[in-house]
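As provided, start-v3.txt (compact mmCIF, C-alpha atoms and all ligand atoms) reads as follows.
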```
# COMPACT_ATOMS: atom_id res chain seq x y z
CA MET A 24 0.00 0.00 0.00
CA GLU A 25 1.40 3.39 -1.06
CA LYS A 26 0.89 6.88 0.34
CA THR A 27 -1.10 9.21 -1.90
CA VAL A 28 -1.94 12.73 -0.64
CA GLN A 29 -1.02 14.06 2.80
CA LEU A 30 -4.24 14.51 4.77
CA TYR A 31 -2.78 16.10 7.88
CA GLU A 32 0.47 17.07 9.54
CA GLY A 33 0.29 17.09 13.32
CA LYS A 34 2.91 17.80 15.95
CA ALA A 35 4.27 14.25 16.05
CA LYS A 36 2.90 12.47 12.98
CA LYS A 37 1.81 12.94 9.39
CA VAL A 38 -1.25 11.16 8.05
CA PHE A 39 -1.50 10.13 4.39
CA ALA A 40 -4.36 8.81 2.27
CA THR A 41 -3.94 5.55 0.33
CA SER A 42 -5.67 4.05 -2.71
CA ASP A 43 -8.10 2.43 -0.23
CA GLU A 44 -10.43 5.07 1.19
CA ASN A 45 -10.79 3.09 4.43
CA LEU A 46 -7.05 2.97 5.15
CA CYS A 47 -4.40 5.58 5.84
CA ILE A 48 -0.70 5.63 6.59
CA VAL A 49 0.74 7.35 9.66
CA ASP A 50 4.34 8.52 9.52
CA TYR A 51 6.01 9.22 12.89
CA LYS A 52 8.35 12.23 13.19
CA ASP A 53 11.12 13.02 15.70
CA ASP A 54 9.53 16.41 16.44
CA ALA A 55 8.58 16.93 20.07
CA THR A 56 6.32 19.59 21.55
CA ALA A 57 5.07 20.27 25.06
CA PHE A 58 2.85 22.76 26.86
CA ASN A 59 0.42 22.93 23.95
CA GLY A 60 3.16 23.58 21.39
CA GLU A 61 4.98 26.31 23.36
CA LYS A 62 8.12 24.19 23.81
CA LYS A 63 9.54 22.61 20.66
CA GLY A 64 12.44 20.27 20.03
CA THR A 65 13.68 17.07 18.46
CA ILE A 66 14.08 13.69 20.11
CA VAL A 67 16.37 11.74 17.78
CA GLY A 68 14.91 8.32 16.98
CA LYS A 69 11.60 9.02 18.72
CA GLY A 70 9.56 8.38 15.58
CA VAL A 71 10.93 4.85 15.29
CA VAL A 72 10.44 4.06 18.98
CA ASN A 73 6.87 5.42 19.04
CA ASN A 74 5.85 3.68 15.81
CA ARG A 75 7.21 0.28 16.77
CA MET A 76 6.12 0.47 20.42
CA THR A 77 2.59 1.56 19.46
CA ASN A 78 2.24 -1.31 17.00
CA HIS A 79 3.61 -3.83 19.48
CA LEU A 80 1.15 -2.71 22.18
CA MET A 81 -1.82 -2.42 19.80
CA GLN A 82 -1.29 -6.04 18.75
CA LEU A 83 -1.14 -7.09 22.41
CA LEU A 84 -4.39 -5.20 23.05
CA GLU A 85 -6.10 -6.81 20.02
CA LYS A 86 -5.19 -10.23 21.47
CA ASN A 87 -6.91 -9.12 24.66
CA GLY A 88 -10.16 -8.17 22.95
CA ILE A 89 -9.66 -4.44 22.34
CA PRO A 90 -10.34 -3.41 18.72
CA THR A 91 -7.66 -1.06 17.34
CA HIS A 92 -6.89 0.81 14.12
CA PHE A 93 -3.69 -1.22 13.54
CA VAL A 94 -3.38 -3.00 10.18
CA LYS A 95 0.31 -3.44 9.29
CA GLU A 96 3.72 -1.98 10.08
CA LEU A 97 5.20 -0.75 6.78
CA SER A 98 8.59 0.54 7.90
CA ASP A 99 10.44 1.86 10.95
CA ARG A 100 8.30 4.99 10.97
CA GLU A 101 5.22 4.14 8.86
CA THR A 102 2.14 2.11 9.68
CA LEU A 103 -1.00 1.26 7.75
CA VAL A 104 -4.09 1.88 9.90
CA LYS A 105 -7.85 1.90 9.49
CA LYS A 106 -8.97 5.41 8.70
CA VAL A 107 -11.27 6.60 11.46
CA LYS A 108 -13.23 9.67 12.39
CA ILE A 109 -11.54 10.62 15.64
CA VAL A 110 -13.85 11.10 18.65
CA PRO A 111 -12.72 14.60 19.72
CA LEU A 112 -11.70 13.51 23.22
CA GLU A 113 -8.40 12.77 24.92
CA VAL A 114 -9.16 9.90 27.26
CA ILE A 115 -6.74 10.01 30.19
CA VAL A 116 -6.36 7.13 32.62
CA ARG A 117 -4.38 7.52 35.84
CA ASN A 118 -3.05 5.01 38.36
CA ILE A 119 -0.58 7.22 40.26
CA THR A 120 -0.74 10.99 40.82
CA ALA A 121 1.39 13.11 38.46
CA GLY A 122 1.33 16.08 36.13
CA SER A 123 -1.84 18.13 35.91
CA LEU A 124 -3.69 16.01 38.50
CA SER A 125 -1.02 16.70 41.13
CA LYS A 126 -1.21 20.40 40.32
CA ARG A 127 -5.01 20.56 40.30
CA LEU A 128 -5.51 18.68 43.58
CA GLY A 129 -2.32 19.79 45.36
CA VAL A 130 -0.97 16.27 45.84
CA PRO A 131 2.67 15.33 45.34
CA GLU A 132 3.53 13.12 42.38
CA GLY A 133 3.81 9.40 43.02
CA VAL A 134 0.79 8.74 45.27
CA LYS A 135 -0.95 5.49 44.29
CA LEU A 136 -4.65 6.09 43.59
CA SER A 137 -7.02 3.64 45.32
CA ARG A 138 -8.69 3.02 41.94
CA PRO A 139 -8.01 4.17 38.38
CA VAL A 140 -9.24 7.63 37.39
CA ILE A 141 -10.58 8.47 33.92
CA GLU A 142 -10.58 12.08 32.70
CA TYR A 143 -11.67 13.54 29.37
CA SER A 144 -10.32 16.57 27.51
CA TYR A 145 -11.94 18.14 24.47
CA LYS A 146 -9.35 17.80 21.65
CA ASP A 147 -8.83 21.41 20.58
CA ASP A 148 -5.29 22.82 20.47
CA ALA A 149 -6.52 26.43 20.22
CA LEU A 150 -8.36 25.99 23.53
CA GLY A 151 -5.54 23.99 25.15
CA ASP A 152 -7.56 20.73 25.32
CA PRO A 153 -9.92 21.77 28.15
CA MET A 154 -11.11 19.12 30.60
CA VAL A 155 -14.76 18.13 30.14
CA ASN A 156 -17.13 15.73 31.91
CA GLU A 157 -19.91 13.41 30.72
CA TYR A 158 -22.47 16.24 30.78
CA HIS A 159 -20.39 18.36 28.37
CA ILE A 160 -19.65 15.35 26.17
CA PHE A 161 -23.34 14.42 25.75
CA ALA A 162 -24.65 18.01 25.55
CA MET A 163 -22.04 18.94 22.91
CA ASN A 164 -22.51 15.62 21.03
CA PHE A 165 -18.80 14.76 21.25
CA ALA A 166 -19.97 11.17 21.87
CA THR A 167 -23.23 9.45 22.76
CA PRO A 168 -23.72 7.80 26.18
CA GLU A 169 -23.44 4.39 24.47
CA GLU A 170 -20.19 5.36 22.71
CA LEU A 171 -18.68 6.83 25.88
CA SER A 172 -19.54 3.79 27.94
CA GLU A 173 -17.84 1.60 25.30
CA ILE A 174 -14.81 3.94 25.26
CA ALA A 175 -14.50 4.00 29.06
CA GLY A 176 -14.78 0.21 29.19
CA TYR A 177 -12.00 -0.17 26.62
CA ALA A 178 -9.85 2.45 28.39
CA LEU A 179 -10.03 0.56 31.71
CA LYS A 180 -9.28 -2.74 29.96
CA VAL A 181 -6.30 -1.14 28.17
CA ASN A 182 -5.11 0.02 31.59
CA GLU A 183 -5.34 -3.50 33.05
CA VAL A 184 -3.57 -5.17 30.14
CA LEU A 185 -0.83 -2.56 29.75
CA SER A 186 -0.16 -2.09 33.49
CA ALA A 187 0.43 -5.84 33.91
CA TYR A 188 2.49 -6.14 30.72
CA LEU A 189 4.70 -3.13 31.45
CA LEU A 190 5.28 -4.23 35.04
CA GLU A 191 6.64 -7.54 33.72
CA HIS A 192 9.24 -5.36 31.99
CA GLY A 193 10.06 -3.29 35.08
CA ILE A 194 7.89 -0.31 34.13
CA GLU A 195 5.13 1.33 36.15
CA LEU A 196 2.23 2.76 34.09
CA VAL A 197 1.55 6.04 35.93
CA ASP A 198 -0.93 7.59 33.49
CA PHE A 199 -1.64 7.76 29.77
CA LYS A 200 -3.78 9.29 27.04
CA LEU A 201 -5.83 7.38 24.49
CA GLU A 202 -7.78 8.44 21.42
CA PHE A 203 -10.63 6.50 19.90
CA GLY A 204 -12.21 6.74 16.47
CA LYS A 205 -15.10 5.40 14.45
CA THR A 206 -14.47 3.27 11.36
CA SER A 207 -16.58 3.64 8.20
CA ASP A 208 -18.82 0.83 9.46
CA GLY A 209 -19.46 2.69 12.72
CA LYS A 210 -17.27 0.59 15.03
CA ILE A 211 -15.36 2.30 17.86
CA VAL A 212 -11.65 1.38 17.80
CA LEU A 213 -8.54 2.50 19.68
CA ALA A 214 -6.54 4.86 17.41
CA ASP A 215 -3.52 7.21 17.52
CA GLU A 216 -0.50 6.04 19.54
CA ILE A 217 0.68 4.53 22.82
CA SER A 218 4.25 5.65 23.47
CA PRO A 219 6.53 7.51 25.90
CA ASP A 220 5.00 10.67 24.36
CA THR A 221 1.53 9.73 25.60
CA CYS A 222 2.23 7.68 28.74
CA ARG A 223 4.06 8.38 31.99
CA LEU A 224 6.37 5.41 32.45
CA TRP A 225 8.51 5.05 35.58
CA ASP A 226 11.12 2.41 36.30
CA SER A 227 9.36 0.18 38.84
CA GLU A 228 12.46 -0.10 41.08
CA THR A 229 14.04 3.35 40.93
CA HIS A 230 10.97 5.37 39.79
CA LYS A 231 13.18 7.02 37.18
CA LYS A 232 11.07 8.78 34.55
CA LEU A 233 11.29 7.03 31.17
CA ASP A 234 8.95 9.26 29.18
CA LYS A 235 8.30 12.70 27.71
CA ASP A 236 8.52 14.38 31.15
CA ARG A 237 12.32 14.24 30.62
CA PHE A 238 11.79 16.58 27.64
CA ARG A 239 9.02 18.69 29.25
CA ARG A 240 11.08 19.27 32.40
CA ASP A 241 14.59 19.41 30.85
CA LEU A 242 15.76 16.40 32.86
CA GLY A 243 18.28 15.26 30.22
CA GLY A 244 18.73 11.74 28.86
CA VAL A 245 15.58 12.00 26.77
CA GLU A 246 16.73 9.80 23.86
CA ASP A 247 18.21 7.23 26.28
CA ALA A 248 14.90 6.97 28.15
CA TYR A 249 12.92 6.31 24.95
CA LEU A 250 15.51 3.72 23.88
CA GLU A 251 15.42 2.08 27.31
CA VAL A 252 11.64 1.57 27.05
CA TYR A 253 12.05 0.28 23.49
CA ARG A 254 14.79 -2.15 24.55
CA ARG A 255 12.76 -3.52 27.47
CA LEU A 256 9.63 -4.10 25.38
CA LEU A 257 11.01 -5.03 21.97
CA GLY A 258 14.49 -6.34 22.83
P1 LIG B 301 -1.65 16.34 16.93
O1 LIG B 301 -2.84 16.40 15.98
O2 LIG B 301 -2.10 16.41 18.36
O3 LIG B 301 -0.57 17.31 16.60
P2 LIG B 301 -0.22 14.02 15.82
O4 LIG B 301 0.94 14.76 15.29
O5 LIG B 301 0.01 12.74 16.52
O6 LIG B 301 -1.10 14.85 16.85
O7 LIG B 301 -1.19 13.81 14.58
C1 LIG B 301 -1.83 12.63 14.28
C2 LIG B 301 -3.30 12.93 14.02
O8 LIG B 301 -3.91 11.78 13.43
C3 LIG B 301 -4.07 13.22 15.31
O9 LIG B 301 -4.92 14.33 15.09
C4 LIG B 301 -4.88 11.94 15.54
O10 LIG B 301 -6.10 12.22 16.19
C5 LIG B 301 -5.09 11.45 14.13
N1 LIG B 301 -5.27 10.00 13.98
C6 LIG B 301 -4.72 9.01 14.71
N2 LIG B 301 -5.10 7.79 14.27
C7 LIG B 301 -5.92 8.01 13.22
C8 LIG B 301 -6.64 7.14 12.32
N3 LIG B 301 -6.59 5.82 12.45
N4 LIG B 301 -7.39 7.72 11.35
C9 LIG B 301 -7.44 9.07 11.23
N5 LIG B 301 -6.79 9.93 12.03
C10 LIG B 301 -6.04 9.42 13.02
N1 LIG B 302 -1.11 13.51 27.52
C1 LIG B 302 -0.93 13.39 26.16
N2 LIG B 302 -1.31 14.43 25.36
C2 LIG B 302 -1.87 15.56 25.85
C3 LIG B 302 -2.06 15.67 27.25
C4 LIG B 302 -1.67 14.62 28.05
O1 LIG B 302 -0.44 12.38 25.67
O2 LIG B 302 -2.22 16.46 25.07
C5 LIG B 302 -0.70 12.39 28.41
C6 LIG B 302 0.55 12.74 29.23
O3 LIG B 302 1.70 12.28 28.56
C7 LIG B 302 0.30 11.96 30.50
C8 LIG B 302 -1.22 11.89 30.66
O4 LIG B 302 -1.74 12.16 29.36
O5 LIG B 302 0.78 10.64 30.36
C9 LIG B 302 -1.76 12.87 31.66
O6 LIG B 302 -1.29 14.15 31.37
P1 LIG B 302 -1.58 15.39 32.33
O7 LIG B 302 -3.05 15.65 32.35
O8 LIG B 302 -0.93 15.17 33.63
O9 LIG B 302 -1.00 16.61 31.55
P2 LIG B 302 0.44 17.21 31.43
O10 LIG B 302 1.12 17.11 32.74
O11 LIG B 302 1.06 16.40 30.35
O12 LIG B 302 0.13 18.61 31.02
```
For this file, write the structure as structure tokens.
Amino acid sequence: MEKTVQLYEGKAKKVFATSDENLCIVDYKDDATAFNGEKKGTIVGKGVVNNRMTNHLMQLLEKNGIPTHFVKELSDRETLVKKVKIVPLEVIVRNITAGSLSKRLGVPEGVKLSRPVIEYSYKDDALGDPMVNEYHIFAMNFATPEELSEIAGYALKVNEVLSAYLLEHGIELVDFKLEFGKTSDGKIVLADEISPDTCRLWDSETHKKLDKDRFRRDLGGVEDAYLEVYRRLLG
């Protein structure tokens, strides 16, 4: 399958059409942004790590009953996926306090939550992805109650499968962001990516950060952290 026209260039990926209207190709870049695009940089090799890690995890999730957009890895940076209409929500799942939750509730990072937390943000860069709840989502028709209950169910199942799998590889899944989309036949599937850009991943022994927080917070060793996650999961 070949790329035809570019449909979209985002901050981390480009999306291309193909000769099949139900399929597209995503091409992962090394570009990194944080704080809603205010901070920009390059993480050398990130595109390869994120592409291959996403595909590896999506296949694991498929085996565990979660439908995904994954079709076929085409190269180090390119993957064929089902073209979906993205549900305009960032679905965030948290197991341990960090980032914006710590700030919002005044709790230090690293406190284990007694149960997973799901949060939703409306996907709109110009507005800075504002947090919304079920009432907003239904009133604004971002998703129907049936769709959201399916999405939340999948998100919690993703959390169970990934938390256990990552822990086997010495990684704690602190929190992460998912995106879902609707295929042409109306099925909800997991889309976008699952990578150190979209997850907080801590070494389970030392709690060292192995994710994009190293870039956001200028902690150094960004490339090494991405490669460390890659090495642990894909050898
Ligand atoms: P952003 O748009 O936040 O800058 P990216 O650079 O990752 O993010 O761009 C990838 C875009 O492709 C995102 O808008 C994402 O929602 C979208 N996308 C992900 N998977 C699919 C898919 N299977 N079909 C169509 N669009 C997708
Ligand atoms: N996240 C993401 N994209 C976003 C916002 C958040 O992938 O636009 C991920 C982030 O990497 C983290 C989780 O979602 O794993 C929770 O992020 P948080 O709300 O703490 O926001 P942040 O601290 O990144 O601003």
Exercise. For ligand LIG 302 (chain B), list the contacting residues at 10 Å or closer, counting all atoms listed in the file, as a count of residues only.
Key: 49
Practice problem: Give the answer as one residue: which of A:Gly209, A:Gly193, A:Gly243, A:Gly204 has the shortest atom-to-atom distance to ligand LIG 301 (chain B), using only C-alpha atoms and all ligand atoms? | Solution: A:Gly204
Quiz item: With all atoms listed in the file as the basis for distance, which of A:Pro139, A:Pro90, A:Gly64, A:Pro111 is at the shortest distance from ligand LIG 301 (chain B)?
Solution: A:Pro111
Exercise. Give as a ChimeraX atom specification the residues surrounding ligand LIG 301 (chain B) up to a distance of 10 Å, considering only C-alpha atoms and all ligand atoms.
Key: /A:30-40,45-52,54-56,59-60,91-94,102-113,146-148,152,201-206,212-216,220-221
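Taking atom CA of A:Glu246 as the reference point, atom CA of A:Asp226 is found at 15.5 Å.
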Quiz item: In Å, with one decimal, what is the gap from atom CA of A:Ala175 to atom CA of A:Val71?
Solution: 28.9 Å
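Nearest to A:Asp53 of all the residues A:Arg100, A:His79, A:Arg254, A:Lys86 is A:Arg100, counting all atoms listed in the file.
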Quiz prompt | Spatial sel., origin (12.6, -6.7, 28.8), limit 8 Å, all atoms listed in the file, listed as number ranges by chain | solution = A: 191-193, 254-258
Where is the centre and how long are the edges: axis-aligned box on stretch 96-114 of chain A, 4 Å on each side, Å to one decimal, as AutoDock Vina command-line options:
```
--center_x -1.7 --center_y 6.3 --center_z 17.0 --size_x 32.3 --size_y 24.6 --size_z 28.5
```
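Going from atom CA of A:Gly129 over to atom CA of A:Lys231, you cover 21.7 Å.
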